[in-house]
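Student: Below you'll find my_file-v5.cif; it's mmCIF, C-alpha atoms.
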data_query
#
loop_
_atom_site.label_atom_id
_atom_site.label_comp_id
_atom_site.auth_asym_id
_atom_site.auth_seq_id
_atom_site.Cartn_x
_atom_site.Cartn_y
_atom_site.Cartn_z
CA MET A 1 100.43 -78.53 -21.32
CA GLY A 2 102.13 -77.14 -18.24
CA THR A 3 104.79 -75.28 -20.22
CA LEU A 4 102.36 -73.99 -22.83
CA ASN A 5 100.23 -71.98 -20.43
CA PRO A 6 102.80 -69.42 -19.26
CA LEU A 7 103.89 -68.96 -22.89
CA TRP A 8 100.29 -68.35 -23.96
CA PHE A 9 99.81 -65.93 -21.08
CA PHE A 10 102.97 -64.04 -22.02
CA MET A 11 101.93 -63.84 -25.66
CA LYS A 12 98.48 -62.55 -24.77
CA LYS A 13 99.93 -59.89 -22.49
CA SER A 14 102.50 -58.71 -25.04
CA MET A 15 99.82 -58.63 -27.72
CA THR A 16 97.69 -56.35 -25.53
CA VAL A 17 100.64 -54.09 -24.77
CA ALA A 18 101.54 -53.93 -28.46
CA LEU A 19 97.96 -53.02 -29.45
CA PHE A 20 97.73 -50.27 -26.83
CA GLY A 21 101.22 -49.00 -27.68
CA ILE A 22 100.62 -48.82 -31.42
CA THR A 23 97.25 -47.10 -31.02
CA ILE A 24 98.57 -44.51 -28.58
CA SER A 25 101.65 -43.91 -30.71
CA ASP A 26 99.54 -43.39 -33.84
CA ARG A 27 96.77 -41.22 -32.41
CA TYR A 28 97.93 -39.40 -29.31
CA ALA A 29 101.67 -39.08 -28.71
CA THR A 30 104.88 -40.79 -29.65
CA VAL A 31 108.61 -40.54 -29.05
CA TYR A 32 111.25 -39.76 -31.66
CA SER A 33 115.01 -40.11 -31.47
CA LEU A 34 116.51 -37.29 -33.52
CA THR A 35 119.50 -37.33 -35.85
CA GLY A 36 121.14 -34.58 -37.87
CA THR A 37 122.18 -31.02 -37.07
CA SER A 38 119.53 -29.07 -38.93
CA MET A 39 117.76 -27.97 -35.75
CA SER A 40 120.66 -27.00 -33.49
CA PRO A 41 120.76 -25.34 -31.05
CA THR A 42 117.13 -26.28 -30.31
CA PHE A 43 118.01 -29.98 -30.53
CA THR A 44 121.51 -31.36 -30.24
CA THR A 45 122.72 -34.62 -31.66
CA SER A 46 126.10 -36.16 -31.29
CA SER A 47 127.48 -37.63 -34.49
CA PRO A 48 127.55 -41.44 -34.46
CA GLY A 49 131.13 -42.50 -34.05
CA PHE A 50 133.73 -41.44 -31.57
CA PRO A 51 131.92 -39.01 -29.23
CA GLY A 52 128.77 -41.17 -29.17
CA TYR A 53 130.87 -44.25 -28.58
CA LEU A 54 132.47 -42.54 -25.62
CA LYS A 55 129.05 -41.84 -24.14
CA GLY A 56 128.10 -45.49 -24.56
CA ILE A 57 131.38 -46.66 -23.06
CA SER A 58 131.03 -44.56 -19.93
CA PHE A 59 127.54 -45.96 -19.41
CA VAL A 60 128.74 -49.52 -19.73
CA LYS A 61 131.94 -49.16 -17.65
CA ALA A 62 129.73 -48.68 -14.63
CA ILE A 63 128.19 -52.08 -15.33
CA GLN A 64 131.54 -53.67 -16.19
CA ALA A 65 132.96 -52.60 -12.84
CA LYS A 66 130.56 -55.09 -11.32
CA ASN A 67 131.15 -57.99 -13.71
CA ASP A 68 134.73 -58.90 -14.45
CA GLN A 69 133.97 -62.09 -16.31
CA MET A 70 135.21 -62.30 -19.87
CA PHE A 71 131.86 -63.26 -21.36
CA ILE A 72 129.90 -60.48 -19.70
CA GLY A 73 132.57 -57.99 -20.73
CA TYR A 74 132.23 -59.06 -24.37
CA VAL A 75 128.46 -58.67 -24.28
CA ASN A 76 128.75 -55.27 -22.65
CA ARG A 77 131.16 -53.94 -25.29
CA ASN A 78 128.73 -54.75 -28.06
CA LEU A 79 125.84 -53.40 -26.03
CA SER A 80 127.64 -50.08 -25.64
CA LYS A 81 128.16 -49.88 -29.41
CA LEU A 82 124.49 -50.62 -29.96
CA ILE A 83 123.36 -47.99 -27.49
CA SER A 84 125.69 -45.32 -28.84
CA ARG A 85 124.48 -46.01 -32.34
CA MET A 86 120.81 -45.88 -31.35
CA ILE A 87 120.80 -42.83 -29.13
CA THR A 88 122.86 -40.28 -30.99
CA GLY A 89 120.67 -37.33 -30.17
CA ASP A 90 117.85 -35.85 -28.20
CA ILE A 91 114.72 -37.89 -27.64
CA VAL A 92 111.56 -35.82 -28.00
CA LEU A 93 107.86 -36.19 -27.36
CA VAL A 94 105.67 -35.74 -30.43
CA GLU A 95 101.97 -35.10 -29.93
CA LYS A 96 99.35 -36.03 -32.49
CA PHE A 97 96.31 -34.18 -31.14
CA CYS A 98 97.07 -31.31 -33.53
CA LEU A 99 96.31 -33.63 -36.48
CA GLU A 100 92.63 -33.69 -35.55
CA LYS A 101 91.98 -30.34 -37.18
CA TYR A 102 95.45 -29.67 -38.66
CA LYS A 103 95.66 -26.59 -36.48
CA PHE A 104 99.22 -25.31 -36.10
CA SER A 105 100.80 -22.03 -35.05
CA ARG A 106 103.69 -20.28 -36.70
CA GLY A 107 106.87 -21.24 -34.89
CA ASP A 108 105.79 -24.79 -33.91
CA VAL A 109 108.34 -27.53 -34.41
CA ILE A 110 106.66 -30.22 -36.49
CA ALA A 111 107.54 -33.68 -37.78
CA PHE A 112 106.57 -34.45 -41.38
CA LYS A 113 107.17 -37.06 -44.08
CA SER A 114 109.70 -35.89 -46.63
CA PRO A 115 108.09 -34.93 -49.97
CA SER A 116 110.90 -36.62 -51.87
CA ASP A 117 110.98 -39.86 -49.90
CA HIS A 118 107.91 -40.98 -48.00
CA LYS A 119 109.92 -43.35 -45.82
CA ARG A 120 111.97 -40.54 -44.19
CA GLU A 121 110.66 -38.05 -41.67
CA PHE A 122 112.05 -34.62 -40.98
CA VAL A 123 111.68 -32.39 -37.94
CA LYS A 124 111.69 -28.66 -38.71
CA ARG A 125 110.09 -25.44 -37.57
CA LEU A 126 106.89 -24.23 -39.21
CA ILE A 127 107.48 -20.68 -40.45
CA ALA A 128 104.36 -19.83 -42.46
CA LEU A 129 100.78 -21.11 -42.69
CA PRO A 130 98.48 -21.33 -45.73
CA GLY A 131 97.61 -17.91 -47.11
CA ASP A 132 100.64 -16.16 -45.56
CA TRP A 133 102.88 -13.96 -47.65
CA MET A 134 106.52 -14.51 -46.88
CA GLN A 135 109.91 -13.44 -48.11
CA ILE A 136 112.03 -16.30 -49.40
CA PRO A 137 115.34 -16.16 -47.48
CA ASP A 138 118.39 -14.78 -49.30
CA THR A 139 116.27 -13.38 -52.11
CA SER A 140 113.89 -10.50 -52.45
CA ASP A 141 111.06 -12.68 -53.76
CA ILE A 142 107.73 -12.71 -52.03
CA LEU A 143 105.72 -15.93 -52.08
CA LYS A 144 102.14 -16.64 -51.08
CA ILE A 145 101.83 -20.01 -49.37
CA PRO A 146 99.15 -21.99 -51.29
CA GLU A 147 96.11 -23.32 -49.41
CA GLY A 148 96.73 -26.59 -47.63
CA HIS A 149 100.52 -26.03 -47.60
CA CYS A 150 103.07 -24.64 -45.15
CA TRP A 151 106.68 -23.44 -45.16
CA VAL A 152 109.19 -25.20 -42.92
CA GLU A 153 112.77 -24.31 -42.09
CA GLY A 154 115.41 -25.74 -39.81
CA ASP A 155 116.87 -23.57 -37.05
CA ASN A 156 120.42 -24.26 -38.25
CA LYS A 157 120.21 -22.54 -41.63
CA GLU A 158 123.46 -23.81 -43.12
CA PHE A 159 122.83 -27.50 -42.50
CA SER A 160 119.12 -27.77 -43.10
CA LEU A 161 117.31 -29.33 -46.06
CA ASP A 162 113.92 -27.67 -45.90
CA SER A 163 111.34 -25.62 -47.82
CA ARG A 164 114.12 -23.47 -49.26
CA HIS A 165 114.98 -26.55 -51.36
CA PHE A 166 111.70 -28.41 -51.86
CA GLY A 167 109.18 -25.59 -51.58
CA PRO A 168 106.05 -25.41 -49.42
CA ILE A 169 104.87 -28.83 -48.24
CA PRO A 170 101.26 -30.05 -48.07
CA LEU A 171 99.94 -30.10 -44.51
CA GLY A 172 98.80 -33.69 -45.08
CA LEU A 173 102.45 -34.78 -44.75
CA VAL A 174 102.68 -33.53 -41.15
CA GLN A 175 102.83 -36.37 -38.63
CA GLY A 176 102.90 -34.46 -35.34
CA ARG A 177 104.13 -31.56 -33.25
CA VAL A 178 107.24 -31.74 -31.06
CA THR A 179 106.36 -30.46 -27.60
CA HIS A 180 109.07 -31.61 -25.16
CA ILE A 181 112.61 -32.93 -25.06
CA ILE A 182 112.60 -35.91 -22.72
CA TRP A 183 116.22 -37.17 -22.96
CA PRO A 184 119.00 -36.49 -21.98
CA PRO A 185 117.84 -35.49 -18.51
CA GLN A 186 119.96 -32.34 -18.35
CA ARG A 187 118.21 -31.03 -21.48
CA THR A 188 114.65 -31.91 -20.56
CA SER A 189 112.44 -28.94 -21.38
CA LYS A 190 109.44 -27.72 -23.29
CA VAL A 191 110.15 -26.87 -26.93
CA GLU A 192 109.32 -23.20 -27.35
CA ARG A 193 107.62 -21.53 -30.26
CA LYS A 194 109.83 -19.07 -32.14
CA VAL A 195 108.10 -16.76 -34.58
CA ALA A 196 109.93 -14.90 -37.34
CA MET A 197 107.68 -11.84 -37.40
CA GLU A 198 109.84 -9.83 -39.76
CA ARG A 199 109.47 -12.27 -42.64
CA VAL A 200 105.89 -13.38 -42.52
CA ARG A 201 102.65 -11.48 -42.95
CA MET B 1 55.89 -41.68 17.40
CA SER B 2 58.35 -44.22 18.76
CA THR B 3 57.11 -46.98 16.40
CA ALA B 4 57.63 -44.69 13.36
CA GLY B 5 61.10 -43.79 14.55
CA SER B 6 62.02 -47.40 15.28
CA ARG B 7 60.63 -48.49 11.90
CA ILE B 8 62.86 -45.93 10.13
CA ALA B 9 65.85 -47.01 12.21
CA SER B 10 65.32 -50.69 11.43
CA PHE B 11 64.85 -49.89 7.71
CA LEU B 12 68.09 -47.94 7.64
CA SER B 13 70.07 -50.60 9.48
CA GLY B 14 68.61 -53.26 7.13
CA ALA B 15 69.66 -51.18 4.13
CA ALA B 16 73.17 -50.79 5.52
CA ALA B 17 73.44 -54.55 6.04
CA ARG B 18 72.26 -55.24 2.49
CA PHE B 19 74.72 -52.62 1.20
CA GLY B 20 77.52 -54.44 3.01
CA LYS B 21 76.53 -57.76 1.45
CA VAL B 22 76.83 -56.48 -2.15
CA PRO B 23 80.05 -57.93 -3.65
CA TRP B 24 81.60 -54.53 -4.45
CA ARG B 25 85.10 -55.86 -5.11
CA GLU B 26 83.88 -58.43 -7.62
CA ILE B 27 81.75 -55.83 -9.40
CA ARG B 28 84.71 -53.44 -9.58
CA GLU B 29 86.98 -56.12 -10.97
CA GLU B 30 84.45 -57.24 -13.55
CA ALA B 31 83.79 -53.65 -14.64
CA PHE B 32 87.52 -53.08 -15.01
CA ASP B 33 87.95 -56.26 -17.06
CA ARG B 34 85.09 -55.30 -19.33
CA ALA B 35 86.51 -51.81 -19.83
CA VAL B 36 89.92 -53.24 -20.72
CA LEU B 37 88.27 -55.61 -23.18
CA VAL B 38 86.45 -52.72 -24.88
CA LEU B 39 89.70 -50.75 -25.10
CA LYS B 40 91.52 -53.76 -26.53
CA ALA B 41 88.83 -54.16 -29.18
CA ALA B 42 89.04 -50.48 -30.09
CA CYS B 43 92.83 -50.66 -30.42
CA PHE B 44 92.52 -53.79 -32.55
CA VAL B 45 90.09 -52.01 -34.87
CA HIS B 46 92.49 -49.07 -35.13
CA VAL B 47 95.48 -51.29 -35.95
CA VAL B 48 93.61 -53.24 -38.61
CA ASN B 49 92.14 -50.09 -40.14
CA THR B 50 95.51 -48.33 -40.29
CA TYR B 51 97.82 -51.14 -41.34
CA VAL B 52 95.74 -53.79 -43.11
CA VAL B 53 92.41 -52.81 -44.65
CA GLY B 54 89.73 -50.22 -44.03
CA ILE B 55 86.63 -48.88 -45.72
CA ALA B 56 85.91 -45.48 -47.13
CA PHE B 57 82.83 -43.73 -48.45
CA VAL B 58 83.67 -42.10 -51.78
CA ARG B 59 81.36 -39.72 -53.61
CA GLY B 60 81.50 -37.00 -56.19
CA PRO B 61 81.70 -36.83 -59.96
CA SER B 62 85.46 -36.99 -60.39
CA MET B 63 85.73 -40.78 -60.63
CA LEU B 64 82.72 -41.52 -62.88
CA PRO B 65 81.99 -44.08 -64.19
CA THR B 66 84.17 -46.12 -61.83
CA ILE B 67 82.63 -44.66 -58.69
CA ASN B 68 79.07 -43.46 -58.44
CA LEU B 69 78.08 -39.83 -58.11
CA THR B 70 75.97 -40.41 -55.01
CA GLY B 71 78.65 -42.49 -53.38
CA ASP B 72 80.03 -45.99 -53.09
CA VAL B 73 81.64 -47.66 -50.12
CA VAL B 74 85.03 -49.07 -51.08
CA ALA B 75 87.48 -51.36 -49.34
CA VAL B 76 90.88 -49.73 -49.01
CA GLU B 77 94.01 -51.77 -48.45
CA ARG B 78 96.87 -50.08 -46.60
CA VAL B 79 99.70 -52.49 -47.41
CA SER B 80 100.63 -51.47 -50.98
CA PRO B 81 101.42 -47.79 -50.28
CA ARG B 82 103.48 -48.72 -47.23
CA TRP B 83 105.54 -51.20 -49.25
CA GLY B 84 105.81 -48.88 -52.23
CA SER B 85 104.12 -51.40 -54.52
CA LEU B 86 101.59 -49.07 -56.11
CA ALA B 87 101.24 -49.39 -59.86
CA VAL B 88 99.98 -47.12 -62.62
CA GLY B 89 96.21 -47.64 -62.89
CA ASP B 90 95.55 -48.13 -59.17
CA VAL B 91 92.78 -46.12 -57.58
CA VAL B 92 94.20 -44.54 -54.42
CA ILE B 93 92.74 -42.69 -51.45
CA LEU B 94 94.86 -39.68 -50.52
CA LEU B 95 94.75 -36.53 -48.43
CA SER B 96 94.05 -33.57 -50.66
CA PRO B 97 97.09 -31.28 -51.07
CA GLU B 98 94.67 -28.35 -50.99
CA ASN B 99 93.00 -29.32 -47.71
CA PRO B 100 94.51 -31.95 -45.38
CA ARG B 101 91.14 -32.58 -43.76
CA LYS B 102 89.66 -33.75 -47.06
CA THR B 103 90.26 -37.25 -48.41
CA VAL B 104 89.93 -37.79 -52.14
CA ALA B 105 89.98 -40.81 -54.43
CA LYS B 106 91.88 -40.64 -57.71
CA ARG B 107 93.67 -42.95 -60.13
CA VAL B 108 97.47 -43.08 -60.34
CA LEU B 109 98.59 -42.27 -63.88
CA GLY B 110 102.30 -41.81 -63.27
CA LEU B 111 104.91 -42.86 -60.74
CA GLU B 112 108.19 -41.06 -60.05
CA GLY B 113 110.25 -40.68 -63.19
CA ASP B 114 107.33 -41.33 -65.56
CA ALA B 115 106.47 -38.81 -68.27
CA VAL B 116 102.73 -38.12 -68.12
CA THR B 117 100.87 -36.61 -71.05
CA PHE B 118 97.52 -35.09 -70.26
CA LEU B 119 94.87 -32.88 -71.79
CA VAL B 120 95.15 -29.45 -70.25
CA ASP B 121 91.49 -28.54 -70.65
CA PRO B 122 89.50 -31.33 -72.31
CA ALA B 123 86.33 -29.24 -72.56
CA ARG B 124 88.13 -26.68 -74.66
CA GLY B 125 90.12 -28.44 -77.30
CA SER B 126 92.80 -31.07 -77.29
CA ALA B 127 95.91 -29.15 -76.18
CA SER B 128 98.09 -31.54 -74.26
CA GLN B 129 101.11 -31.22 -72.03
CA THR B 130 103.79 -33.62 -70.88
CA VAL B 131 105.24 -33.57 -67.38
CA VAL B 132 107.94 -35.70 -65.78
CA VAL B 133 106.93 -36.80 -62.28
CA PRO B 134 109.62 -35.81 -59.73
CA GLY B 135 111.12 -38.28 -57.26
CA GLY B 136 108.88 -39.23 -54.35
CA HIS B 137 105.73 -38.00 -56.11
CA VAL B 138 102.85 -39.51 -58.08
CA TRP B 139 100.54 -38.10 -60.73
CA VAL B 140 96.86 -38.66 -59.99
CA GLN B 141 93.83 -37.98 -62.16
CA GLY B 142 90.14 -38.60 -61.80
CA ASP B 143 88.52 -40.93 -64.33
CA ASN B 144 86.07 -38.17 -65.23
CA ILE B 145 88.56 -35.67 -66.59
CA TYR B 146 85.85 -33.11 -67.33
CA SER B 147 84.91 -32.74 -63.68
CA SER B 148 87.90 -33.51 -61.52
CA ARG B 149 90.40 -31.48 -59.52
CA ASP B 150 93.58 -33.49 -59.66
CA SER B 151 97.26 -33.30 -60.58
CA ARG B 152 96.36 -31.26 -63.64
CA GLN B 153 95.46 -28.45 -61.25
CA PHE B 154 97.60 -29.07 -58.16
CA GLY B 155 100.58 -30.86 -59.67
CA PRO B 156 102.16 -34.17 -58.74
CA VAL B 157 101.44 -35.15 -55.12
CA PRO B 158 104.02 -36.46 -52.63
CA TYR B 159 103.77 -40.20 -52.05
CA GLY B 160 103.37 -39.58 -48.33
CA LEU B 161 99.84 -38.24 -48.83
CA ILE B 162 98.53 -41.59 -50.07
CA GLN B 163 96.46 -43.37 -47.44
CA GLY B 164 95.58 -46.59 -49.25
CA ARG B 165 94.56 -48.36 -52.43
CA ALA B 166 90.86 -48.84 -53.17
CA PHE B 167 90.64 -52.34 -54.60
CA CYS B 168 87.02 -53.34 -54.22
CA LYS B 169 83.56 -51.82 -53.96
CA VAL B 170 81.47 -53.24 -51.13
CA TRP B 171 78.25 -51.16 -51.16
CA PRO B 172 75.67 -50.73 -52.68
CA PRO B 173 75.19 -54.44 -53.38
CA GLU B 174 74.58 -53.97 -57.11
CA ALA B 175 77.97 -52.25 -57.42
CA VAL B 176 80.00 -54.89 -55.60
CA GLY B 177 83.13 -55.90 -57.48
CA LEU B 178 86.82 -55.35 -57.90
CA ILE B 179 88.00 -51.97 -59.12
CA GLY B 180 90.02 -52.64 -62.23
CA GLN B 181 93.14 -51.04 -63.65
CA LYS B 182 92.17 -48.75 -66.47
CA LEU B 183 94.96 -47.63 -68.73
#
Written as C-alpha cells, that's how I'd like the structure from this file.
Tutor:
Amino acid sequence: MGTLNPLWFFMKKSMTVALFGITISDRYATVYSLTGTSMSPTFTTSSPGFPGYLKGISFVKAIQAKNDQMFIGYVNRNLSKLISRMITGDIVLVEKFCLEKYKFSRGDVIAFKSPSDHKREFVKRLIALPGDWMQIPDTSDILKIPEGHCWVEGDNKEFSLDSRHFGPIPLGLVQGRVTHIIWPPQRTSKVERKVAMERVR
Amino acid sequence: MSTAGSRIASFLSGAAARFGKVPWREIREEAFDRAVLVLKAACFVHVVNTYVVGIAFVRGPSMLPTINLTGDVVAVERVSPRWGSLAVGDVVILLSPENPRKTVAKRVLGLEGDAVTFLVDPARGSASQTVVVPGGHVWVQGDNIYSSRDSRQFGPVPYGLIQGRAFCKVWPPEAVGLIGQKL
C-alpha cells in the first residue's frame, strides 16, 4: 500500500497535465517542429544527417566533458543522434484562435492538412482568399478562388509543393496560423505577413 | 453624542475582529481546487469529444430518409477517420468545402481510387457520369439526391475535412437506432 500511493499520485498528476496539454494544444496554441526547405528563408531547417548530427554532437560534448565513464558516454552518443534527428529545423508557435471564425489575412503563414494525405501537414504562406482573382504563377491564366478555398504557396518557389500543384485548398483543412519562431534562440522572432499585391486582386 | 460615537467604534472593531476570524486561506485554497476541478472536467469533455465520440445535431433535406428534415441528434465516433478505416456506405460528418464554418452530414460513396458513377441531374433525366476519386479524397453524396449539395457539385473532398462517422441516432427517442450502410 505504501508504494502504491506515490505511483497513484504521479499518475493522477500526469493525467491532469496531459488533459490540459491536449486541450490547449487543440484549441489555443501549439508548437511545431518544421522540416523541409519549402519556406526558406522565412524558416530554415538543417537536413537530417551530417550537419544536424554535428549540432547534436556539440550539445552533448558539453555534457560528456563532465562524465568520462564509458556507460554514460554510450548513452550520450545515442542521445545526440536522437536530438539531431528530432530537431532538424525551426520550432514555431502555431495559434488556433483564427480557427474560430476562419478569419485569415493574405500573407499569413498557415499550417494545413495536405489534401492528398490527411496524415501530413504542410506549412505555407496564404496568398489569396476566397473570391480573389489571382494570376497563376508562370502562366498568364487568371483564376478566381472558389468560396471556402484559399491559395497557398511556399516562399522557396523551386522546392515547394503547394497550390501550384494541387490547386486551391478548402479552408477546412487549415489547422492554425504560425505566429512566432521560438527556437533556435538566435532566430526567435515574429513571423511577418508578406503580401504579393501585384498578383492578387 | 459620545455614546453614538462609541457604539460605532465598537461595531467597527467587532467587525474587524470577525473579519480576521474568517478562514481566508482555507476559502482561497478550496476555491482554487474547485476551479481546477472544473477546468479538468472541461478538458476531459474536450478530449473525449475530439478523439472518442461526440454528438451532433443534423438537419436538412439532403439525407432523407435516413435523417429527418427537422433534425436528429446523432452520435459521431472520431476513431474511424483518424485510423483511416472509413468504408463505402458510412455516413460522415465533414466540414463543408464551400464554407469551413458549416458542418454537413453525407454518405461516403467512394474512397480514393474508386470509380464512382452518379446521376448528374436526377430531376432531369438519367444522364450519368463516372469519376475516379483522386488519392487522399472521398466522394460523398446525400441520400436524397434530389435535394443535396454534395460531391456532384463540389467534387471529391479531401479526407482531412472529415470530422467523424455518424453511427447511431440518439434523439428523438422514436428515431433511436444504428445508422446502416446503404449501398
Student: Given the PyMOL selection byres ((chain A and resi 114-118) around 10) and the file above, list the residues it selects as an mmCIF file with C-alpha atoms, in the coordinates of the input.
Tutor:
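Once everything was written out, this is part-v2.cif:
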data_model
loop_
_atom_site.group_PDB
_atom_site.id
_atom_site.type_symbol
_atom_site.label_atom_id
_atom_site.label_comp_id
_atom_site.auth_asym_id
_atom_site.auth_seq_id
_atom_site.Cartn_x
_atom_site.Cartn_y
_atom_site.Cartn_z
ATOM 1 C CA ALA A 111 107.540 -33.680 -37.780
ATOM 2 C CA PHE A 112 106.570 -34.450 -41.380
ATOM 3 C CA LYS A 113 107.170 -37.060 -44.080
ATOM 4 C CA LYS A 119 109.920 -43.350 -45.820
ATOM 5 C CA ARG A 120 111.970 -40.540 -44.190
ATOM 6 C CA GLU A 121 110.660 -38.050 -41.670
ATOM 7 C CA PHE A 122 112.050 -34.620 -40.980
ATOM 8 C CA VAL A 123 111.680 -32.390 -37.940
ATOM 9 C CA ASP A 162 113.920 -27.670 -45.900
ATOM 10 C CA PHE A 166 111.700 -28.410 -51.860
ATOM 11 C CA GLY A 167 109.180 -25.590 -51.580
ATOM 12 C CA PRO A 168 106.050 -25.410 -49.420
ATOM 13 C CA ILE A 169 104.870 -28.830 -48.240
ATOM 14 C CA PRO A 170 101.260 -30.050 -48.070
ATOM 15 C CA LEU A 173 102.450 -34.780 -44.750
ATOM 16 C CA VAL A 174 102.680 -33.530 -41.150
ATOM 17 C CA PRO B 81 101.420 -47.790 -50.280
ATOM 18 C CA ARG B 82 103.480 -48.720 -47.230
ATOM 19 C CA GLY B 84 105.810 -48.880 -52.230
ATOM 20 C CA GLU B 112 108.190 -41.060 -60.050
ATOM 21 C CA PRO B 134 109.620 -35.810 -59.730
ATOM 22 C CA GLY B 135 111.120 -38.280 -57.260
ATOM 23 C CA GLY B 136 108.880 -39.230 -54.350
ATOM 24 C CA HIS B 137 105.730 -38.000 -56.110
ATOM 25 C CA VAL B 157 101.440 -35.150 -55.120
ATOM 26 C CA PRO B 158 104.020 -36.460 -52.630
ATOM 27 C CA TYR B 159 103.770 -40.200 -52.050
ATOM 28 C CA GLY B 160 103.370 -39.580 -48.330
ATOM 29 C CA LEU B 161 99.840 -38.240 -48.830
ATOM 30 C CA ILE B 162 98.530 -41.590 -50.070
#
Student: Skipping near chain neighbours, those fewer than 6 positions away, what residues fall within 9 Å of region 69-78 of chain B using all atoms listed in the file, listed as a PyMOL selection string?
Tutor: chain B and resi 49-63+92-93+163-172+175-176
Student: Please produce a file of those selected residues containing C-alpha atoms, as a short mmCIF file (atom, residue, chain, number, x, y, z; two decimals), keeping the file's coordinate frame.
Tutor:
data_model
loop_
_atom_site.label_atom_id
_atom_site.label_comp_id
_atom_site.auth_asym_id
_atom_site.auth_seq_id
_atom_site.Cartn_x
_atom_site.Cartn_y
_atom_site.Cartn_z
CA ASN B 49 92.14 -50.09 -40.14
CA THR B 50 95.51 -48.33 -40.29
CA TYR B 51 97.82 -51.14 -41.34
CA VAL B 52 95.74 -53.79 -43.11
CA VAL B 53 92.41 -52.81 -44.65
CA GLY B 54 89.73 -50.22 -44.03
CA ILE B 55 86.63 -48.88 -45.72
CA ALA B 56 85.91 -45.48 -47.13
CA PHE B 57 82.83 -43.73 -48.45
CA VAL B 58 83.67 -42.10 -51.78
CA ARG B 59 81.36 -39.72 -53.61
CA GLY B 60 81.50 -37.00 -56.19
CA PRO B 61 81.70 -36.83 -59.96
CA SER B 62 85.46 -36.99 -60.39
CA MET B 63 85.73 -40.78 -60.63
CA VAL B 92 94.20 -44.54 -54.42
CA ILE B 93 92.74 -42.69 -51.45
CA GLN B 163 96.46 -43.37 -47.44
CA GLY B 164 95.58 -46.59 -49.25
CA ARG B 165 94.56 -48.36 -52.43
CA ALA B 166 90.86 -48.84 -53.17
CA PHE B 167 90.64 -52.34 -54.60
CA CYS B 168 87.02 -53.34 -54.22
CA LYS B 169 83.56 -51.82 -53.96
CA VAL B 170 81.47 -53.24 -51.13
CA TRP B 171 78.25 -51.16 -51.16
CA PRO B 172 75.67 -50.73 -52.68
CA ALA B 175 77.97 -52.25 -57.42
CA VAL B 176 80.00 -54.89 -55.60
#
Student: Quick one: pull the distance between CA of Leu93 (chain A) and CA of Asp26 (chain A), Å, one decimal.
Tutor: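 If I compute the distance from CA of Leu93 (chain A) to CA of Asp26 (chain A), I get 12.8 Å.
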Student: Translate the PyMOL selection byres ((chain B and resi 87-91) around 8) into a concrete residue list for this structure, as a ChimeraX atom specification.
Tutor: /B:85-86,92-93,105-111,165-167,179-183
Student: Need to verify the contact set: Gly155 (chain B), 10 Å, only C-alpha atoms, exclusion of same-chain residues closer than 5 positions in sequence. Can you return it as a VMD selection string?
Tutor: chain B and resid 97 131 133 137 to 140 150
Student: Pull out every residue that the PyMOL selection byres ((chain B and resi 119) around 10) matches in the shown coordinates and put them as an mmCIF file with C-alpha atoms, keeping the file's coordinate frame.
Tutor:
data_model
loop_
_atom_site.group_PDB
_atom_site.id
_atom_site.type_symbol
_atom_site.label_atom_id
_atom_site.label_comp_id
_atom_site.auth_asym_id
_atom_site.auth_seq_id
_atom_site.Cartn_x
_atom_site.Cartn_y
_atom_site.Cartn_z
ATOM 1 C CA THR B 117 100.870 -36.610 -71.050
ATOM 2 C CA PHE B 118 97.520 -35.090 -70.260
ATOM 3 C CA VAL B 120 95.150 -29.450 -70.250
ATOM 4 C CA ASP B 121 91.490 -28.540 -70.650
ATOM 5 C CA PRO B 122 89.500 -31.330 -72.310
ATOM 6 C CA ALA B 123 86.330 -29.240 -72.560
ATOM 7 C CA ARG B 124 88.130 -26.680 -74.660
ATOM 8 C CA GLY B 125 90.120 -28.440 -77.300
ATOM 9 C CA SER B 126 92.800 -31.070 -77.290
ATOM 10 C CA ALA B 127 95.910 -29.150 -76.180
ATOM 11 C CA SER B 128 98.090 -31.540 -74.260
ATOM 12 C CA GLN B 129 101.110 -31.220 -72.030
ATOM 13 C CA THR B 130 103.790 -33.620 -70.880
ATOM 14 C CA ILE B 145 88.560 -35.670 -66.590
ATOM 15 C CA ARG B 152 96.360 -31.260 -63.640
#
Student: Fewer than 2 positions away in the same chain doesn't count, so skip those; otherwise give me all residues within 8 Å of Glu95 (chain A), counting only C-alpha atoms, as an MDAnalysis selection string.
Tutor: chainID A and resid 28:30 93 97:98 176:179
Student: For each of B:Val116, B:Ile67, B:Leu178, B:Ala42, take the minimum atom-to-atom distance to chain A, counting only C-alpha atoms, then give the residue where this is smallest.
Tutor: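 Checking each of B:Val116, B:Ile67, B:Leu178, B:Ala42 against chain A, counting only C-alpha atoms, the winner is B:Ala42.
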Student: With all atoms listed in the file as the atoms that count, which of B:Gly20, B:Pro100, B:Gly113, B:Gly5 lies nearest to chain A?
Tutor: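 The answer is B:Pro100, which sits nearest to chain A.
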